[in-house]
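A.B. asks: What follows is the file query-v4.pdb, containing PDB, C-alpha atoms:
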```
ATOM      1  CA  LYS A   1      89.398 127.574  91.193
ATOM      2  CA  LEU A   2      91.881 126.200  93.692
ATOM      3  CA  LEU A   3      91.153 122.653  92.596
ATOM      4  CA  ASN A   4      91.610 123.548  88.930
ATOM      5  CA  GLU A   5      94.962 125.232  89.569
ATOM      6  CA  ALA A   6      96.131 122.339  91.753
ATOM      7  CA  SER A   7      95.218 119.775  89.103
ATOM      8  CA  LYS A   8      97.361 121.681  86.572
ATOM      9  CA  LEU A   9     100.401 121.311  88.839
ATOM     10  CA  ILE A  10      99.891 117.669  89.762
ATOM     11  CA  PRO A  11      98.656 115.085  87.235
ATOM     12  CA  MET A  12      95.531 113.680  88.875
ATOM     13  CA  GLY A  13      93.929 112.016  85.871
ATOM     14  CA  PHE A  14      94.638 108.812  83.997
ATOM     15  CA  THR A  15      97.971 107.701  82.607
ATOM     16  CA  THR A  16      98.915 104.702  80.477
ATOM     17  CA  ALA A  17     100.149 101.510  82.090
ATOM     18  CA  SER A  18     103.389 101.731  80.081
ATOM     19  CA  GLU A  19     104.166 105.158  81.575
ATOM     20  CA  TYR A  20     103.462 103.852  85.048
ATOM     21  CA  HIS A  21     105.618 100.815  84.281
ATOM     22  CA  LYS A  22     108.537 103.165  83.482
ATOM     23  CA  CYS A  23     107.994 104.951  86.814
ATOM     24  CA  ARG A  24     107.967 101.615  88.641
ATOM     25  CA  GLN A  25     111.347 100.699  87.149
ATOM     26  CA  ASP A  26     112.898 103.683  88.949
ATOM     27  CA  VAL A  27     111.685 102.487  92.363
ATOM     28  CA  ILE A  28     114.625 102.231  94.774
ATOM     29  CA  ARG A  29     114.928  99.104  96.896
ATOM     30  CA  LEU A  30     116.835  99.019 100.176
ATOM     31  CA  THR A  31     119.032  96.018 100.866
ATOM     32  CA  THR A  32     118.302  94.047 104.029
ATOM     33  CA  GLY A  33     121.906  92.917 104.518
ATOM     34  CA  SER A  34     121.045  89.327 103.538
ATOM     35  CA  LYS A  35     121.435  88.231  99.904
ATOM     36  CA  GLU A  36     118.819  85.493 100.287
ATOM     37  CA  LEU A  37     116.286  87.909 101.769
ATOM     38  CA  ASP A  38     116.988  90.472  99.030
ATOM     39  CA  LYS A  39     116.439  87.759  96.417
ATOM     40  CA  LEU A  40     113.087  86.889  98.000
ATOM     41  CA  LEU A  41     112.064  90.585  97.941
ATOM     42  CA  GLN A  42     113.420  91.017  94.373
ATOM     43  CA  GLY A  43     116.047  93.536  95.409
ATOM     44  CA  GLY A  44     115.090  94.581  98.935
ATOM     45  CA  MET A  45     112.517  96.694 100.762
ATOM     46  CA  GLU A  46     110.501  98.756  98.311
ATOM     47  CA  THR A  47     110.372 102.533  98.717
ATOM     48  CA  GLY A  48     107.104 104.416  98.271
ATOM     49  CA  SER A  49     104.978 101.752  99.958
ATOM     50  CA  ILE A  50     104.269 100.193 103.363
ATOM     51  CA  THR A  51     105.972  96.919 104.276
ATOM     52  CA  GLU A  52     104.694  95.141 107.377
ATOM     53  CA  ILE A  53     106.881  92.701 109.289
ATOM     54  CA  PHE A  54     105.154  90.508 111.859
ATOM     55  CA  GLY A  55     106.149  87.576 114.013
ATOM     56  CA  GLU A  56     106.514  86.406 117.595
ATOM     57  CA  PHE A  57     109.074  87.899 119.951
ATOM     58  CA  ARG A  58     112.726  87.036 119.135
ATOM     59  CA  THR A  59     112.111  86.531 115.417
ATOM     60  CA  GLY A  60     114.346  89.440 114.350
ATOM     61  CA  LYS A  61     111.838  92.219 113.607
ATOM     62  CA  THR A  62     113.734  94.915 115.513
ATOM     63  CA  GLN A  63     117.125  93.617 114.315
ATOM     64  CA  LEU A  64     115.957  93.926 110.710
ATOM     65  CA  CYS A  65     114.823  97.506 111.438
ATOM     66  CA  HIS A  66     118.228  98.377 112.919
ATOM     67  CA  THR A  67     120.024  96.966 109.861
ATOM     68  CA  LEU A  68     117.747  98.936 107.495
ATOM     69  CA  CYS A  69     118.591 102.155 109.408
ATOM     70  CA  VAL A  70     122.177 101.685 108.232
ATOM     71  CA  THR A  71     121.607 100.259 104.722
ATOM     72  CA  SER A  72     119.226 103.121 103.833
ATOM     73  CA  GLN A  73     122.262 105.446 104.071
ATOM     74  CA  LEU A  74     124.395 103.445 101.636
ATOM     75  CA  PRO A  75     124.947 104.697  98.050
ATOM     76  CA  LEU A  76     122.348 103.593  95.470
ATOM     77  CA  GLU A  77     124.808 101.257  93.708
ATOM     78  CA  ASP A  78     125.323  99.367  96.991
ATOM     79  CA  GLY A  79     121.595  98.800  97.476
ATOM     80  CA  GLY A  80     121.041 101.828  99.698
ATOM     81  CA  GLY A  81     118.783 104.849  99.509
ATOM     82  CA  GLU A  82     121.281 107.684 100.051
ATOM     83  CA  GLY A  83     119.007 109.181 102.679
ATOM     84  CA  LYS A  84     118.435 109.503 106.393
ATOM     85  CA  ALA A  85     116.307 107.168 108.497
ATOM     86  CA  LEU A  86     113.509 108.017 110.914
ATOM     87  CA  TYR A  87     112.692 105.646 113.777
ATOM     88  CA  ILE A  88     109.507 105.777 115.872
ATOM     89  CA  ASP A  89     109.915 103.415 118.810
ATOM     90  CA  THR A  90     106.867 102.348 120.829
ATOM     91  CA  GLU A  91     108.385  99.461 122.786
ATOM     92  CA  GLY A  92     111.675 101.017 123.945
ATOM     93  CA  THR A  93     113.795  98.504 121.993
ATOM     94  CA  PHE A  94     115.925 100.912 119.918
ATOM     95  CA  ARG A  95     119.637 100.486 120.680
ATOM     96  CA  PRO A  96     122.145 102.911 119.089
ATOM     97  CA  GLU A  97     125.039 100.568 119.938
ATOM     98  CA  ARG A  98     123.569  98.049 117.457
ATOM     99  CA  ILE A  99     123.633 100.752 114.784
ATOM    100  CA  VAL A 100     127.357 101.299 115.517
ATOM    101  CA  GLN A 101     128.114  97.554 115.101
ATOM    102  CA  ILE A 102     126.185  97.377 111.813
ATOM    103  CA  ALA A 103     127.787 100.597 110.491
ATOM    104  CA  GLU A 104     131.260  99.095 110.988
ATOM    105  CA  ARG A 105     130.264  96.087 108.871
ATOM    106  CA  PHE A 106     129.313  98.321 105.935
ATOM    107  CA  GLY A 107     132.425 100.479 106.317
ATOM    108  CA  LEU A 108     130.517 103.593 107.335
ATOM    109  CA  LYS A 109     131.550 106.105 109.977
ATOM    110  CA  ALA A 110     129.504 105.311 113.099
ATOM    111  CA  GLU A 111     129.052 108.946 114.194
ATOM    112  CA  ASP A 112     127.718 110.026 110.795
ATOM    113  CA  VAL A 113     125.338 107.069 110.664
ATOM    114  CA  LEU A 114     123.951 107.874 114.128
ATOM    115  CA  ASP A 115     123.553 111.556 113.193
ATOM    116  CA  ASN A 116     121.464 110.494 110.190
ATOM    117  CA  VAL A 117     118.981 108.491 112.265
ATOM    118  CA  ALA A 118     116.173 110.581 113.768
ATOM    119  CA  TYR A 119     114.730 108.798 116.800
ATOM    120  CA  ALA A 120     111.529 109.386 118.772
ATOM    121  CA  ARG A 121     109.882 107.376 121.532
ATOM    122  CA  ALA A 122     106.077 107.263 121.341
ATOM    123  CA  TYR A 123     104.218 106.957 124.643
ATOM    124  CA  ASN A 124     100.600 106.557 123.508
ATOM    125  CA  SER A 125      98.627 106.179 120.293
ATOM    126  CA  ASP A 126      97.811 109.928 120.036
ATOM    127  CA  HIS A 127     101.485 110.781 120.498
ATOM    128  CA  GLN A 128     102.293 108.261 117.752
ATOM    129  CA  ASN A 129     100.027 110.217 115.374
ATOM    130  CA  GLN A 130     101.575 113.545 116.401
ATOM    131  CA  LEU A 131     105.049 112.236 115.616
ATOM    132  CA  LEU A 132     103.983 111.555 112.021
ATOM    133  CA  ILE A 133     103.106 115.245 111.568
ATOM    134  CA  GLN A 134     106.595 116.153 112.812
ATOM    135  CA  ALA A 135     108.085 113.520 110.507
ATOM    136  CA  SER A 136     106.387 115.094 107.463
ATOM    137  CA  ALA A 137     107.841 118.490 108.391
ATOM    138  CA  MET A 138     111.341 116.988 108.742
ATOM    139  CA  MET A 139     111.079 115.258 105.375
ATOM    140  CA  THR A 140     110.472 118.544 103.566
ATOM    141  CA  GLU A 141     113.788 119.857 104.949
ATOM    142  CA  SER A 142     116.170 116.988 104.116
ATOM    143  CA  ARG A 143     116.222 113.710 102.197
ATOM    144  CA  TYR A 144     114.941 110.674 104.063
ATOM    145  CA  ALA A 145     114.909 107.175 102.597
ATOM    146  CA  LEU A 146     113.212 105.257 105.389
ATOM    147  CA  ILE A 147     110.659 105.559 108.176
ATOM    148  CA  ILE A 148     110.300 102.776 110.730
ATOM    149  CA  VAL A 149     107.506 102.294 113.273
ATOM    150  CA  ASP A 150     108.457  99.556 115.729
ATOM    151  CA  SER A 151     105.827  98.463 116.567
ATOM    152  CA  ALA A 152     102.811 100.117 114.991
ATOM    153  CA  THR A 153     100.256  98.227 117.082
ATOM    154  CA  ALA A 154     101.822  97.837 120.563
ATOM    155  CA  LEU A 155     100.289 101.020 121.986
ATOM    156  CA  TYR A 156      96.864 100.322 120.463
ATOM    157  CA  ARG A 157      96.815  97.003 122.289
ATOM    158  CA  THR A 158      97.120  98.751 125.652
ATOM    159  CA  ASP A 159      95.301 102.052 124.966
ATOM    160  CA  TYR A 160      92.128 100.281 123.797
ATOM    161  CA  SER A 161      90.967  97.198 125.633
ATOM    162  CA  GLY A 162      88.072  94.825 125.132
ATOM    163  CA  ARG A 163      85.539  94.498 122.353
ATOM    164  CA  GLY A 164      83.713  97.664 123.395
ATOM    165  CA  GLU A 165      86.619  99.836 122.215
ATOM    166  CA  LEU A 166      87.460  97.743 119.164
ATOM    167  CA  SER A 167      85.799  99.987 116.565
ATOM    168  CA  ALA A 168      87.407 103.113 118.074
ATOM    169  CA  ARG A 169      90.794 101.388 118.012
ATOM    170  CA  GLN A 170      90.437 100.307 114.396
ATOM    171  CA  MET A 171      89.363 103.798 113.317
ATOM    172  CA  HIS A 172      92.350 105.376 115.057
ATOM    173  CA  LEU A 173      94.701 102.754 113.619
ATOM    174  CA  GLY A 174      93.196 103.309 110.156
ATOM    175  CA  LYS A 175      93.946 107.033 110.355
ATOM    176  CA  PHE A 176      97.507 106.370 111.464
ATOM    177  CA  LEU A 177      98.124 103.937 108.594
ATOM    178  CA  ARG A 178      96.526 106.335 106.122
ATOM    179  CA  ALA A 179      98.945 109.066 107.256
ATOM    180  CA  LEU A 180     101.868 106.635 106.832
ATOM    181  CA  SER A 181     100.662 105.710 103.359
ATOM    182  CA  ARG A 182     100.510 109.373 102.421
ATOM    183  CA  ILE A 183     104.085 109.958 103.624
ATOM    184  CA  ALA A 184     105.267 106.966 101.560
ATOM    185  CA  ASP A 185     103.483 108.365  98.513
ATOM    186  CA  GLU A 186     104.492 111.991  98.942
ATOM    187  CA  TYR A 187     108.162 111.607  99.875
ATOM    188  CA  GLY A 188     108.918 108.246  98.232
ATOM    189  CA  VAL A 189     110.338 106.776 101.428
ATOM    190  CA  ALA A 190     110.255 103.119 102.404
ATOM    191  CA  VAL A 191     107.809 102.673 105.290
ATOM    192  CA  ILE A 192     108.536  99.659 107.498
ATOM    193  CA  ILE A 193     106.101  98.806 110.290
ATOM    194  CA  THR A 194     106.442  95.902 112.669
ATOM    195  CA  ASN A 195     103.415  94.144 114.051
ATOM    196  CA  GLN A 196     102.756  91.840 116.983
ATOM    197  CA  VAL A 197     100.894  88.549 116.756
ATOM    198  CA  VAL A 198      98.061  86.864 118.619
ATOM    199  CA  ALA A 199      97.404  83.158 119.096
ATOM    200  CA  SER A 200      94.094  81.908 117.676
ATOM    201  CA  VAL A 201      92.173  80.192 120.430
ATOM    202  CA  ASP A 202      89.029  79.277 118.500
ATOM    203  CA  GLY A 203      88.156  75.785 117.280
ATOM    204  CA  SER A 204      89.903  76.170 113.930
ATOM    205  CA  ALA A 205      93.268  76.666 115.689
ATOM    206  CA  MET A 206      93.487  72.899 116.264
ATOM    207  CA  PHE A 207      93.622  72.236 112.524
ATOM    208  CA  ALA A 208      95.745  75.213 111.466
ATOM    209  CA  SER A 209      99.437  74.559 110.804
ATOM    210  CA  ASN A 210     100.285  77.939 112.319
ATOM    211  CA  PRO A 211      97.780  79.168 114.937
ATOM    212  CA  ILE A 212      99.441  82.608 115.103
ATOM    213  CA  LYS A 213      98.047  85.579 113.193
ATOM    214  CA  PRO A 214      99.018  89.279 113.059
ATOM    215  CA  ILE A 215      96.898  91.725 115.041
ATOM    216  CA  GLY A 216      95.181  94.793 113.596
ATOM    217  CA  GLY A 217      92.609  92.840 111.579
ATOM    218  CA  ASN A 218      91.592  93.760 108.049
ATOM    219  CA  ILE A 219      92.504  97.435 108.434
ATOM    220  CA  MET A 220      96.140  96.460 108.953
ATOM    221  CA  ALA A 221      96.019  93.870 106.180
ATOM    222  CA  HIS A 222      94.665  96.282 103.569
ATOM    223  CA  ALA A 223      96.961  99.183 104.508
ATOM    224  CA  SER A 224     100.177  97.175 104.086
ATOM    225  CA  CYS A 225     101.420  96.686 100.543
ATOM    226  CA  THR A 226     103.773  93.812 101.378
ATOM    227  CA  ARG A 227     103.423  91.636 104.483
ATOM    228  CA  LEU A 228     106.355  89.550 105.709
ATOM    229  CA  SER A 229     105.971  86.810 108.282
ATOM    230  CA  LEU A 230     109.026  85.929 110.414
ATOM    231  CA  ARG A 231     109.467  82.772 112.428
ATOM    232  CA  LYS A 232     112.279  81.155 114.393
ATOM    233  CA  GLY A 233     114.614  78.626 112.829
ATOM    234  CA  ARG A 234     117.472  76.669 114.382
ATOM    235  CA  GLY A 235     119.987  78.615 116.471
ATOM    236  CA  ASN A 236     120.264  82.172 115.229
ATOM    237  CA  THR A 237     118.556  81.510 111.888
ATOM    238  CA  ARG A 238     115.136  82.898 111.067
ATOM    239  CA  VAL A 239     112.701  82.226 108.235
ATOM    240  CA  CYS A 240     110.965  85.026 106.334
ATOM    241  CA  LYS A 241     107.855  84.210 104.318
ATOM    242  CA  ILE A 242     105.981  86.466 101.911
ATOM    243  CA  PHE A 243     102.551  86.498 103.528
ATOM    244  CA  ASP A 244     100.907  88.929 101.109
ATOM    245  CA  SER A 245     102.202  91.007  98.198
ATOM    246  CA  PRO A 246     100.762  92.374  94.940
ATOM    247  CA  CYS A 247     103.769  91.219  92.904
ATOM    248  CA  LEU A 248     105.976  88.825  94.888
ATOM    249  CA  PRO A 249     105.302  85.074  94.854
ATOM    250  CA  GLU A 250     104.609  83.273  98.134
ATOM    251  CA  SER A 251     107.967  81.784  99.086
ATOM    252  CA  GLU A 252     110.459  81.669 101.940
ATOM    253  CA  ALA A 253     114.050  82.640 102.647
ATOM    254  CA  MET A 254     116.386  81.971 105.554
ATOM    255  CA  PHE A 255     118.562  84.609 107.175
ATOM    256  CA  SER A 256     120.509  84.883 110.395
ATOM    257  CA  ILE A 257     120.902  87.467 113.132
ATOM    258  CA  ASN A 258     124.595  88.186 113.610
ATOM    259  CA  ASP A 259     126.620  90.582 115.751
ATOM    260  CA  ASP A 260     126.774  92.930 112.767
ATOM    261  CA  GLY A 261     123.064  92.829 111.886
ATOM    262  CA  ILE A 262     121.071  90.714 109.452
ATOM    263  CA  GLY A 263     123.092  88.348 107.244
ATOM    264  CA  ASP A 264     122.869  85.114 105.306
ATOM    265  CA  ALA A 265     122.370  81.846 107.140
ATOM    266  CA  ASP A 266     125.438  79.571 107.022
TER     267      ASP A 266
END
```
Once more with this new file: its structure as structure tokens, please.

C.D. replies:
Amino acid sequence: KLLNEASKLIPMGFTTASEYHKCRQDVIRLTTGSKELDKLLQGGMETGSITEIFGEFRTGKTQLCHTLCVTSQLPLEDGGGEGKALYIDTEGTFRPERIVQIAERFGLKAEDVLDNVAYARAYNSDHQNQLLIQASAMMTESRYALIIVDSATALYRTDYSGRGELSARQMHLGKFLRALSRIADEYGVAVIITNQVVASVDGSAMFASNPIKPIGGNIMAHASCTRLSLRKGRGNTRVCKIFDSPCLPESEAMFSINDDGIGDAD
């Protein structure tokens, strides 16, 4: 009986592709602050799905997250999401002073922008999962446009060590990503997760053009809708490549890390 009543409230059956196509046209995209990067992503970071950003240290993952915290609060016509941002920090790299610098660039009041960013520091992988339950409760109370987990895998790397704990780690990570996917679906927020990389040390690494691969294995790969690979360029420029996406072509764009967040390379 409960199932029958629930299915009357929420359409759980089939729909035509044209109807779904109309729904997809209303998907909000959040600007990254760089025109070139937005062009690569066909408008910006997509809401309602998980976008994974991976790369070595100093490639701009956290800087991109800080910029998105501000742009998600911009009006829709300016490429924003008109909503608050939620930041789960596992590495202790969140800096509110960066948010203030970026807010000034977009002409927003720094205090208001900071008030609209909910921040939590996660200390272990179980705590990381608990924070998602709190996040869901907060999203029912006010409008959020963005949830960031920086980084999603750092704590799993230290909480689970060696091959003996690999399956337990992947199961736990799978549950966490499933919960994130559900939040993206339910509340229509953009979910941005950053990921660390590992160097391949097997024989094939000698012949590979880039011996670095993201950690988390297939579970991570299948959970993310869009995967972006960042690498260093010259000076303060960085290169973003579409590593995997259901609708974006594999191509690259250059952007730079400036005092006021992510911008176009000169």

A.B. asks: Evaluate the PyMOL selection byres ((chain A and resi 102) around 9) against this structure - the residues, as an MDAnalysis selection string, please.

C.D. replies: chainID A and resid 66:67 70:71 97:101 103:108 110 259:262

A.B. asks: If we count all atoms listed in the file and set the cut-off at 8 Å, which residues sit around region 161-172 of chain A, ignoring sequence neighbours fewer than 5 positions away in its own chain? Please answer as an MDAnalysis selection string.

C.D. replies: chainID A and resid 156 216 219

A.B. asks: Which of these residues is nearest to Gly60 (chain A), using all atoms listed in the file: A:Val113, A:Ala190, A:Ile133, A:Leu230?

C.D. replies: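 Nearest candidate to Gly60 (chain A) out of A:Val113, A:Ala190, A:Ile133, A:Leu230: A:Leu230.
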
A.B. asks: When the PyMOL selection byres ((chain A and resi 253) around 12) is applied to the file above, which residues end up in the set, as number ranges by chain?

C.D. replies: A: 34-42, 228-233, 237-242, 249-252, 254-256, 263-265

A.B. asks: For CA of Ile215 (chain A) and CA of Asn195 (chain A), determine how far apart the two atoms are, in Å to one decimal place.

C.D. replies: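 Here the two named atoms are 7.0 Å from each other.
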
A.B. asks: Can you pull out every residue within 7 Å of region 88-92 of chain A, counting all atoms listed in the file, but drop anything in the same chain fewer than 6 positions away, and send it as a VMD selection string?

C.D. replies: chain A and resid 119 to 123 148 to 151 154 to 155

A.B. asks: CA of Tyr187 (chain A) and CA of Ala137 (chain A), how far apart in Å?

C.D. replies: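 Separation between CA of Ala137 (chain A) and CA of Tyr187 (chain A): 11.0 Å.
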
A.B. asks: So what do you get for CA of Gln130 (chain A) versus CA of Gly174 (chain A), distance-wise?

C.D. replies: 14.6 Å

A.B. asks: Taking (98.1, 96.1, 96.7) as a centre in this file's frame and 10 Å as the limit, can you find every polymer residue with an atom that close, using all atoms listed in the file, and give them as a ChimeraX atom specification?

C.D. replies: /A:49-50,221-226,244-247

A.B. asks: Could those selected residues go to a file with C-alpha atoms, as an mmCIF file, keeping the file's coordinate frame?

C.D. replies:
```cif
data_model
loop_
_atom_site.group_PDB
_atom_site.id
_atom_site.type_symbol
_atom_site.label_atom_id
_atom_site.label_comp_id
_atom_site.auth_asym_id
_atom_site.auth_seq_id
_atom_site.Cartn_x
_atom_site.Cartn_y
_atom_site.Cartn_z
ATOM 1 C CA SER A 49 104.978 101.752 99.958
ATOM 2 C CA ILE A 50 104.269 100.193 103.363
ATOM 3 C CA ALA A 221 96.019 93.870 106.180
ATOM 4 C CA HIS A 222 94.665 96.282 103.569
ATOM 5 C CA ALA A 223 96.961 99.183 104.508
ATOM 6 C CA SER A 224 100.177 97.175 104.086
ATOM 7 C CA CYS A 225 101.420 96.686 100.543
ATOM 8 C CA THR A 226 103.773 93.812 101.378
ATOM 9 C CA ASP A 244 100.907 88.929 101.109
ATOM 10 C CA SER A 245 102.202 91.007 98.198
ATOM 11 C CA PRO A 246 100.762 92.374 94.940
ATOM 12 C CA CYS A 247 103.769 91.219 92.904
#
```

A.B. asks: Quick one: residues within 12 Å of Asp185 (chain A), only C-alpha atoms, excluding same-chain residues fewer than 6 positions away - as a list of chain:residue names?

C.D. replies: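 Residues near the query, excluding close chain neighbours: A:Val27, A:Glu46, A:Thr47, A:Gly48, A:Ser49, A:Ile50, A:Ser136, A:Arg178, A:Ala179, A:Val191.
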
A.B. asks: Would you kindly return, as a VMD selection string, each protein, DNA or RNA residue with an atom no farther than 9 Å from any atom of Glu82 (chain A), considering all atoms listed in the file and excluding same-chain residues fewer than 5 positions away?

C.D. replies: chain A and resid 71 to 76 143 to 145

A.B. asks: Under the rule that only C-alpha atoms are counted, which of A:Ala152, A:Leu132, A:Leu9, A:Leu180 is the nearest residue to Pro214 (chain A)?

C.D. replies: A:Ala152

A.B. asks: Would you pick out the contacts of Ala199 (chain A) at 9 Å or less, using all atoms listed in the file, so that residues sharing its chain but fewer than 3 positions from it are not included, and give the list as a list in words?

C.D. replies: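 Within the cut-off, the hits are Ala205, Pro211, Ile212, Lys213 and Pro214 of chain A.
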